[in-house]
Amino acid sequence: MKFSEAWLRQWVDPPMSTQALANRLTMAGLEVDNLTPAAPPFSEVVVAHVLDVAPHPESDHLTICRVDDGIERSLQVVCGASNVEPQMLAPFARIGARLPDGAEIKKTTMRGVESLGMLCSARDLGLAETSTGLMALPADAPIGRSLRDYLRLDDTVVDVDLTPNRADCLSIAGIAREVATLTETPLRAPTITSIKAVADDTLPVSIERQYDCPRYVGRVIRSIMPNVATPLWLQERLRRAGLRSINPVVDVTNYVMLELGQPMHAFDLGQLRGGIRVRHAREDEPITLLDGQRVALNAGTLVIADHARVLALAGIMGGQDSAVGASTRDIFLESAFFTPRTITGKARAYGLSTESSHRFERGVDPNLQAQAVERATGLLLEIVGGQPGPVIDILHSEHMPPRPAIALRYAWVKRLLGAAIPPDYIVRTLTSLGCRAEQRSAGLAVTPPTFRFDLGIEADLIEEVGRIYGYDRLPASTRSHCPVMRQQPEAKVPLKRLRALLVDRGYYEAVTYSFIDEDTHYLFNPELRPRRVTNPISADLAVMRSSLWPGLIKAVQYNLNRQQTRIRLFETGLQFVDGEHGLQQMPMLAAVSTGDALPEQWGAVPREVDFYDIKGDVEALLGLAFASKHLRFEAESYPALHPGQCARIMHNGQLIGRLGALHPQVEQSMGLNRRVFVFELKLGALDCGPVSRFQEVSKFPAIRRDIAVVVDDSITAAQVKECILSVGDDRLRDLDIFDIYRGEGVPEGRKSLALGLILQDLTRTLHDEEVTTILSQIVAKLRQTLGGSLRE
């Protein structure tokens, strides 16, 4: 929010310097980003009267002017401006004047004609970026007066960086209200009087979307003078606020927006067909905006329309077809309240950002519309004349923002701020900010003003008291603290432990976007409907991710393109899946691995990472939460994974994750030229592990027996281990599979598994006969359950 300090001081004039005022605003939460002069330095530039103009004898584009600068009545000046004409008033740089670019004006000769000064454009004086001619001054400008004094250019432009919750300060009125409260200085707001209608002209207004637009105020003004120039004082205030002058009608609507905070729009009444309709746009309904951009509207966008076409994007920008121009004689002024939720994100969806949308998205005072119309009407009648009709004010109060009273306890003010602020100061502060405060036992019942959308709970009111009182005045004290020992479940596996384990195994943690493009989503989950983002940042981030794999694979792709050949990444985050009960957000842990299994070294032969490497990483993670006997890795087919190297991870019959190699088609689509292995686990299944308990260590020797069991090729090693453990003998302490053999001596379609069995008793040394009995039971179980036999 940029504004002129001189304009602000017309509303409230505290006895302090510009810098002190800026510091006070910053300390109150309205951070002043910059203080800049309203005009660059120049001197000896005065208001001058061009008496007559004659052609230059040696040039077609130069003229010879006689100028009255208030001292010399007939100075000869050579001028190259195309708009110079007799009797006009313009800035004149006398001999010895210095311009903003540092140039000094001297007596000179141009094409043989002496020139005793320079008639200036706004660009010459640093008051505009471009100019097409001399800066024309009003006819009542005093000849000979310093231009800096006449335009009050010794002013400061204050640039305040407002947080999104302080939309009430996006106006001179809002900033002045803050300054008056902060400095306890009287507020001198201009008197806005109701303009009496002198014509009966009205326009039918229909609000079809009452929730989106609970209030709409308008007025017809006929017979304006279209060719009148905007007063210089108004142009200057707009310029210092960062807005350019367009025409008197548009300038007045912008001025009222800056002054009161209410965006307005003016339509050329002659271009309207029927009445005004506030409705939703139809899909692909066209409009050409004021900036010349032609837009196909999305269904659901709130628009202002007549009975023939769309006139404007509500709260964002008007249309070119109904814009006020040089031939406009009759206008319709619009001032409306649009619900912030309705406007939020709509401008960005069309690639726009306007002063109006900036205010409506944050919230405009719903009681300001009629006042803004009266203010604009008064200014327009002064500048362009006209015959105003009656004010049209349509209000649907049931859709207006509610303003319930908030209970404020004096004790809580002291507790949160740490200072005993007097109750009368609290009441005076809140009242000055526009609140209505009523005494209650031990506190107040405070009703926030309609322009403060950010005041909703007691803490908000206490914050207001604290910032007006001054954060720098609040005492600095060390609060006493009584720490409480919180219960920590012994079985809980903290997320940082899972992260640390993966880091120990050579992985790096990555953070990727929760949004991906739709094509990538269907590449990894072709059967799952994606959840689309309403206002995506870009087309590449249009849907919510249903897996963490796409982001990690893109990270792998990025690193491979930068000559990184060994990549191991993991991420924890949410996946978003539409289910029966709406959007499901599930915490997940995913990882990706590609390249060499080990860092480059001399002690091991290089080899590519394979399925069993990443399966080992998964087992290490799961080992923190489960006993291995409750886990199963089952072969399956999954769209994103290689059909021969894919497994689902089951725990007590529940699916908790998947791992495997990427499907070759996925690798090709993602531009990968090497094998990539991934896994993904539900974090909820890993947050609770086994409780540690004492287990006696046997003093007696362990006995190892190796056996070779022949089973069908379709039997997995996990099935064999599960079958052996089901014998249920506690003396079987460990079981390892250390070899697989197919070939001579083993029938076709079968395989030999070499098993190492460790047997041990806690109370005594086992005898050979006991060991033989246990092995016989195991072999019998294998034969009975899996059709296995000992290899001869």
# chains A, B, ... in the order shown; residues from 1 in each chain; ligands from 1
$ residues_around --residues "Leu75 of chain A" --least-positions-apart "5" --cutoff "8 Å" --atoms "only C-alpha atoms" --output "number ranges by chain"
A: 65-69, 116
$ write_last_selection --atoms "all heavy atoms" --output "PDB file, in the first residue's frame"
ATOM      1  N   CYS A  65       8.632  30.178 -28.740  1.00  0.00           N
ATOM      2  CA  CYS A  65       7.571  30.600 -27.827  1.00  0.00           C
ATOM      3  C   CYS A  65       8.008  31.845 -27.065  1.00  0.00           C
ATOM      4  O   CYS A  65       9.197  32.018 -26.750  1.00  0.00           O
ATOM      5  CB  CYS A  65       7.248  29.482 -26.839  1.00  0.00           C
ATOM      6  SG  CYS A  65       6.859  27.903 -27.603  1.00  0.00           S
ATOM      7  N   ARG A  66       7.030  32.715 -26.778  1.00  0.00           N
ATOM      8  CA  ARG A  66       7.262  33.799 -25.818  1.00  0.00           C
ATOM      9  C   ARG A  66       6.606  33.375 -24.520  1.00  0.00           C
ATOM     10  O   ARG A  66       5.424  33.018 -24.477  1.00  0.00           O
ATOM     11  CB  ARG A  66       6.662  35.106 -26.325  1.00  0.00           C
ATOM     12  CG  ARG A  66       7.523  35.830 -27.358  1.00  0.00           C
ATOM     13  CD  ARG A  66       7.087  37.273 -27.578  1.00  0.00           C
ATOM     14  NE  ARG A  66       5.654  37.431 -27.749  1.00  0.00           N
ATOM     15  CZ  ARG A  66       4.879  38.084 -26.877  1.00  0.00           C
ATOM     16  NH1 ARG A  66       5.406  38.628 -25.793  1.00  0.00           N
ATOM     17  NH2 ARG A  66       3.573  38.199 -27.100  1.00  0.00           N
ATOM     18  N   VAL A  67       7.395  33.423 -23.433  1.00  0.00           N
ATOM     19  CA  VAL A  67       6.961  32.856 -22.158  1.00  0.00           C
ATOM     20  C   VAL A  67       7.026  33.916 -21.072  1.00  0.00           C
ATOM     21  O   VAL A  67       7.997  34.682 -20.983  1.00  0.00           O
ATOM     22  CB  VAL A  67       7.847  31.634 -21.777  1.00  0.00           C
ATOM     23  CG1 VAL A  67       7.493  31.120 -20.394  1.00  0.00           C
ATOM     24  CG2 VAL A  67       7.718  30.534 -22.816  1.00  0.00           C
ATOM     25  N   ASP A  68       5.988  33.931 -20.225  1.00  0.00           N
ATOM     26  CA  ASP A  68       5.943  34.792 -19.035  1.00  0.00           C
ATOM     27  C   ASP A  68       6.185  33.891 -17.835  1.00  0.00           C
ATOM     28  O   ASP A  68       5.371  33.023 -17.517  1.00  0.00           O
ATOM     29  CB  ASP A  68       4.573  35.462 -18.945  1.00  0.00           C
ATOM     30  CG  ASP A  68       4.432  36.318 -17.683  1.00  0.00           C
ATOM     31  OD1 ASP A  68       5.416  36.440 -16.926  1.00  0.00           O
ATOM     32  OD2 ASP A  68       3.315  36.834 -17.456  1.00  0.00           O
ATOM     33  N   ASP A  69       7.320  34.091 -17.106  1.00  0.00           N
ATOM     34  CA  ASP A  69       7.634  33.257 -15.950  1.00  0.00           C
ATOM     35  C   ASP A  69       7.358  33.968 -14.634  1.00  0.00           C
ATOM     36  O   ASP A  69       7.798  33.540 -13.573  1.00  0.00           O
ATOM     37  CB  ASP A  69       9.084  32.791 -15.996  1.00  0.00           C
ATOM     38  CG  ASP A  69      10.073  33.919 -15.730  1.00  0.00           C
ATOM     39  OD1 ASP A  69       9.662  35.096 -15.752  1.00  0.00           O
ATOM     40  OD2 ASP A  69      11.259  33.607 -15.486  1.00  0.00           O
ATOM     41  N   LEU A 116      16.087  30.949 -23.941  1.00  0.00           N
ATOM     42  CA  LEU A 116      16.400  31.413 -22.582  1.00  0.00           C
ATOM     43  C   LEU A 116      15.680  30.587 -21.518  1.00  0.00           C
ATOM     44  O   LEU A 116      15.092  31.114 -20.577  1.00  0.00           O
ATOM     45  CB  LEU A 116      15.999  32.890 -22.451  1.00  0.00           C
ATOM     46  CG  LEU A 116      16.662  33.823 -23.464  1.00  0.00           C
ATOM     47  CD1 LEU A 116      16.122  35.239 -23.323  1.00  0.00           C
ATOM     48  CD2 LEU A 116      18.175  33.804 -23.298  1.00  0.00           C
TER      49      LEU A 116
END
$ closest_atom_pairs --of "segment 2-45 of chain A" --to "segment 78-99 of chain A" --cutoff "10 Å" --atoms "only C-alpha atoms" --output "JSON lines"
{"residue": "A:Pro40", "atom": "CA", "partner": "A:Leu99", "partner_atom": "CA", "distance": 8.7}
{"residue": "A:Pro41", "atom": "CA", "partner": "A:Leu99", "partner_atom": "CA", "distance": 7.3}
{"residue": "A:Phe42", "atom": "CA", "partner": "A:Leu99", "partner_atom": "CA", "distance": 4.7}
{"residue": "A:Ser43", "atom": "CA", "partner": "A:Arg98", "partner_atom": "CA", "distance": 5.4}
{"residue": "A:Glu44", "atom": "CA", "partner": "A:Ala97", "partner_atom": "CA", "distance": 4.7}
{"residue": "A:Val45", "atom": "CA", "partner": "A:Ala93", "partner_atom": "CA", "distance": 4.4}
$ select_by_dssp --residues "segment 471-565 of chain A" --states "helix (DSSP H, G or I)" --output "JSON list (two decimals) with C-alpha atoms, in the first residue's frame"
[["chain", "number", "residue", "atom", "x", "y", "z"],
["A", 471, "TYR", "CA", 5.43, -4.12, 21.99],
["A", 472, "ASP", "CA", 8.55, -2.25, 23.04],
["A", 473, "ARG", "CA", 6.78, -1.14, 26.25],
["A", 495, "LEU", "CA", 9.85, -41.26, 12.95],
["A", 496, "LYS", "CA", 13.34, -39.90, 13.53],
["A", 497, "ARG", "CA", 14.51, -43.45, 14.32],
["A", 498, "LEU", "CA", 13.24, -44.65, 10.92],
["A", 499, "ARG", "CA", 14.91, -41.71, 9.20],
["A", 500, "ALA", "CA", 18.18, -42.33, 11.04],
["A", 501, "LEU", "CA", 18.20, -46.00, 10.02],
["A", 502, "LEU", "CA", 17.78, -45.13, 6.34],
["A", 503, "VAL", "CA", 20.51, -42.50, 6.58],
["A", 504, "ASP", "CA", 22.76, -45.12, 8.20],
["A", 518, "GLU", "CA", -2.09, -35.87, -14.32],
["A", 519, "ASP", "CA", -0.15, -37.95, -16.86],
["A", 520, "THR", "CA", 2.38, -39.00, -14.22],
["A", 521, "HIS", "CA", -0.44, -39.93, -11.84],
["A", 522, "TYR", "CA", -1.98, -42.29, -14.39],
["A", 523, "LEU", "CA", 1.46, -43.71, -15.19],
["A", 524, "PHE", "CA", 1.82, -44.91, -11.58],
["A", 539, "ALA", "CA", -0.29, -27.71, -15.26],
["A", 540, "ASP", "CA", 2.61, -29.82, -13.96],
["A", 541, "LEU", "CA", 1.18, -29.55, -10.44],
["A", 549, "TRP", "CA", 7.09, -42.50, -5.92],
["A", 550, "PRO", "CA", 6.51, -39.93, -8.73],
["A", 551, "GLY", "CA", 8.26, -37.13, -6.83],
["A", 552, "LEU", "CA", 11.20, -39.37, -5.91],
["A", 553, "ILE", "CA", 11.53, -40.66, -9.47],
["A", 554, "LYS", "CA", 11.64, -37.09, -10.77],
["A", 555, "ALA", "CA", 14.37, -36.38, -8.21],
["A", 556, "VAL", "CA", 16.30, -39.40, -9.52],
["A", 557, "GLN", "CA", 15.84, -38.13, -13.08],
["A", 558, "TYR", "CA", 17.11, -34.69, -12.03],
["A", 559, "ASN", "CA", 20.24, -36.18, -10.39],
["A", 560, "LEU", "CA", 21.00, -38.56, -13.25]]
$ select_by_dssp --residues "segment 552-584 of chain A" --states "strand (DSSP E or B)" --output "number ranges by chain"
A: 567-579, 582-584
$ write_last_selection --atoms "C-alpha atoms" --output "short mmCIF file (atom, residue, chain, number, x, y, z; two decimals), in the first residue's frame"
data_model
loop_
_atom_site.label_atom_id
_atom_site.label_comp_id
_atom_site.auth_asym_id
_atom_site.auth_seq_id
_atom_site.Cartn_x
_atom_site.Cartn_y
_atom_site.Cartn_z
CA ILE A 567 21.28 -42.47 -5.95
CA ARG A 568 19.46 -43.52 -2.78
CA LEU A 569 16.62 -41.21 -1.66
CA PHE A 570 13.75 -41.50 0.82
CA GLU A 571 10.81 -39.31 1.77
CA THR A 572 8.09 -39.22 4.41
CA GLY A 573 4.83 -37.49 3.58
CA LEU A 574 1.16 -37.79 2.77
CA GLN A 575 -0.49 -39.56 -0.12
CA PHE A 576 -3.96 -38.38 -1.16
CA VAL A 577 -6.55 -40.92 -2.26
CA ASP A 578 -10.28 -40.46 -2.80
CA GLY A 579 -12.16 -43.12 -0.84
CA GLY A 582 -13.90 -38.58 0.99
CA LEU A 583 -10.26 -37.66 0.67
CA GLN A 584 -7.96 -39.98 2.63
#
$ residues_around --residues "Val198 of chain A" --least-positions-apart "4" --cutoff "9 Å" --atoms "only C-alpha atoms" --output "list in words"
Gln387, Pro388, Gly389 and Pro390 of chain A
$ residues_around --residues "segment 275-286 of chain A" --least-positions-apart "5" --cutoff "7 Å" --atoms "only C-alpha atoms" --output "PyMOL selection string"
chain A and resi 203-209+295-307
$ atom_distance --atom1 "atom CA of Ser514 of chain A" --atom2 "atom CA of Arg658 of chain A"
19.9 Å
$ closest_residue --among "A:Ser131, A:Thr63, A:Ser4, A:Ser776" --to "Arg239 of chain A" --atoms "only C-alpha atoms"
A:Ser4
$ residues_around --residues "segment 427-441 of chain A" --least-positions-apart "6" --cutoff "10 Å" --atoms "only C-alpha atoms" --output "MDAnalysis selection string"
chainID A and resid 174 177:178 180:182 184 187 405:410 447:452 455 461:462 464:466 468:469
$ atom_distance --atom1 "atom CA of Ala376 of chain A" --atom2 "atom CA of Arg9 of chain A"
21.3 Å
$ closest_residue --among "A:Gly657, A:Arg24, A:Arg359, A:Thr253" --to "Gly378 of chain A" --atoms "only C-alpha atoms"
A:Thr253
$ residues_around --residues "Val324 of chain A" --least-positions-apart "6" --cutoff "10 Å" --atoms "only C-alpha atoms" --output "short mmCIF file (atom, residue, chain, number, x, y, z; two decimals) with N, CA, C and O atoms, in the first residue's frame"
data_model
loop_
_atom_site.label_atom_id
_atom_site.label_comp_id
_atom_site.auth_asym_id
_atom_site.auth_seq_id
_atom_site.Cartn_x
_atom_site.Cartn_y
_atom_site.Cartn_z
N PRO A 226 -17.42 14.65 -21.10
CA PRO A 226 -16.41 13.60 -21.27
C PRO A 226 -15.00 14.12 -21.52
O PRO A 226 -14.03 13.40 -21.29
N ASN A 247 -8.84 8.65 -17.12
CA ASN A 247 -9.83 9.68 -17.45
C ASN A 247 -10.53 10.05 -16.15
O ASN A 247 -10.41 9.33 -15.16
N PRO A 248 -11.25 11.16 -16.12
CA PRO A 248 -11.81 11.63 -14.84
C PRO A 248 -12.69 10.60 -14.13
O PRO A 248 -12.61 10.46 -12.91
N VAL A 249 -13.52 9.86 -14.87
CA VAL A 249 -14.43 8.91 -14.22
C VAL A 249 -13.64 7.76 -13.59
O VAL A 249 -13.84 7.41 -12.42
N VAL A 250 -12.74 7.17 -14.35
CA VAL A 250 -11.93 6.07 -13.82
C VAL A 250 -11.04 6.57 -12.69
O VAL A 250 -10.86 5.88 -11.67
N HIS A 265 -16.47 0.52 -9.86
CA HIS A 265 -16.36 0.42 -11.31
C HIS A 265 -17.44 1.30 -11.93
O HIS A 265 -18.52 1.47 -11.35
N ALA A 266 -17.12 1.86 -13.08
CA ALA A 266 -18.08 2.69 -13.82
C ALA A 266 -18.31 2.09 -15.20
O ALA A 266 -17.36 1.78 -15.92
N PHE A 267 -19.59 1.90 -15.55
CA PHE A 267 -19.96 1.37 -16.87
C PHE A 267 -20.47 2.52 -17.74
O PHE A 267 -21.09 3.46 -17.25
N ASP A 268 -20.22 2.40 -19.02
CA ASP A 268 -20.82 3.31 -19.99
C ASP A 268 -22.29 2.89 -20.12
O ASP A 268 -22.60 1.83 -20.67
N LEU A 269 -23.20 3.72 -19.62
CA LEU A 269 -24.61 3.36 -19.58
C LEU A 269 -25.16 3.08 -20.97
O LEU A 269 -26.03 2.22 -21.14
N GLY A 270 -24.65 3.78 -21.96
CA GLY A 270 -25.14 3.59 -23.32
C GLY A 270 -24.81 2.23 -23.90
O GLY A 270 -25.40 1.82 -24.90
N GLN A 271 -23.86 1.50 -23.28
CA GLN A 271 -23.47 0.19 -23.78
C GLN A 271 -24.19 -0.95 -23.07
O GLN A 271 -24.00 -2.12 -23.44
N ASP A 330 -23.20 9.14 -20.38
CA ASP A 330 -23.97 8.65 -19.24
C ASP A 330 -23.22 7.45 -18.65
O ASP A 330 -22.72 6.59 -19.39
N ILE A 331 -23.19 7.37 -17.31
CA ILE A 331 -22.46 6.28 -16.66
C ILE A 331 -23.33 5.63 -15.59
O ILE A 331 -24.32 6.20 -15.12
N PHE A 332 -22.95 4.41 -15.26
CA PHE A 332 -23.56 3.71 -14.12
C PHE A 332 -22.44 3.34 -13.16
O PHE A 332 -21.51 2.60 -13.51
#
$ closest_residue --among "A:Val47, A:Gly292, A:Ala176, A:Thr183" --to "Ala141 of chain A" --atoms "only C-alpha atoms"
A:Val47
$ closest_residue --among "A:Ser115, A:Ser223, A:Gln564, A:Ser335" --to "Leu62 of chain A" --atoms "only C-alpha atoms"
A:Ser115
$ residues_around --residues "Tyr211 of chain A" --least-positions-apart "3" --cutoff "10 Å" --atoms "only C-alpha atoms" --output "tab-separated table (two decimals) with N, CA, C and O atoms, in the first residue's frame"
chain	number	residue	atom	x	y	z
A	207	ILE	N	-29.67	-9.74	-8.31
A	207	ILE	CA	-28.56	-10.51	-7.72
A	207	ILE	C	-28.99	-11.97	-7.68
A	207	ILE	O	-29.79	-12.38	-6.83
A	208	GLU	N	-28.44	-12.78	-8.58
A	208	GLU	CA	-28.80	-14.19	-8.65
A	208	GLU	C	-27.96	-15.02	-7.69
A	208	GLU	O	-28.37	-16.12	-7.30
A	214	PRO	N	-23.77	-10.18	-1.32
A	214	PRO	CA	-24.91	-9.84	-0.47
A	214	PRO	C	-25.36	-8.39	-0.61
A	214	PRO	O	-26.48	-8.06	-0.22
A	215	ARG	N	-24.49	-7.53	-1.13
A	215	ARG	CA	-24.88	-6.11	-1.24
A	215	ARG	C	-24.37	-5.54	-2.55
A	215	ARG	O	-23.21	-5.75	-2.93
A	338	PHE	N	-18.43	-8.23	-2.26
A	338	PHE	CA	-18.31	-9.61	-2.68
A	338	PHE	C	-17.68	-10.42	-1.56
A	338	PHE	O	-16.69	-9.99	-0.95
A	339	THR	N	-18.23	-11.59	-1.28
A	339	THR	CA	-17.69	-12.45	-0.23
A	339	THR	C	-16.25	-12.82	-0.56
A	339	THR	O	-15.96	-13.26	-1.68
A	342	THR	N	-15.45	-15.99	-2.42
A	342	THR	CA	-15.88	-16.03	-3.82
A	342	THR	C	-14.80	-15.50	-4.75
A	342	THR	O	-14.61	-16.00	-5.87
A	396	HIS	N	-28.95	-8.10	1.02
A	396	HIS	CA	-29.44	-9.39	1.52
A	396	HIS	C	-28.72	-9.64	2.84
A	396	HIS	O	-27.65	-10.27	2.88
A	397	SER	N	-29.31	-9.15	3.91
A	397	SER	CA	-28.63	-9.14	5.21
A	397	SER	C	-28.34	-10.54	5.73
A	397	SER	O	-27.41	-10.72	6.52
A	398	GLU	N	-29.13	-11.53	5.31
A	398	GLU	CA	-28.90	-12.89	5.83
A	398	GLU	C	-27.57	-13.47	5.36
A	398	GLU	O	-27.07	-14.44	5.95
A	399	HIS	N	-26.98	-12.88	4.31
A	399	HIS	CA	-25.70	-13.37	3.81
A	399	HIS	C	-24.54	-12.45	4.16
A	399	HIS	O	-23.40	-12.69	3.73
A	400	MET	N	-24.80	-11.41	4.95
A	400	MET	CA	-23.73	-10.51	5.36
A	400	MET	C	-22.90	-11.17	6.45
A	400	MET	O	-23.41	-11.98	7.24
$ closest_residue --among "A:Val609, A:Ala625, A:Ala323, A:Val391" --to "Ser194 of chain A" --atoms "only C-alpha atoms"
A:Val391
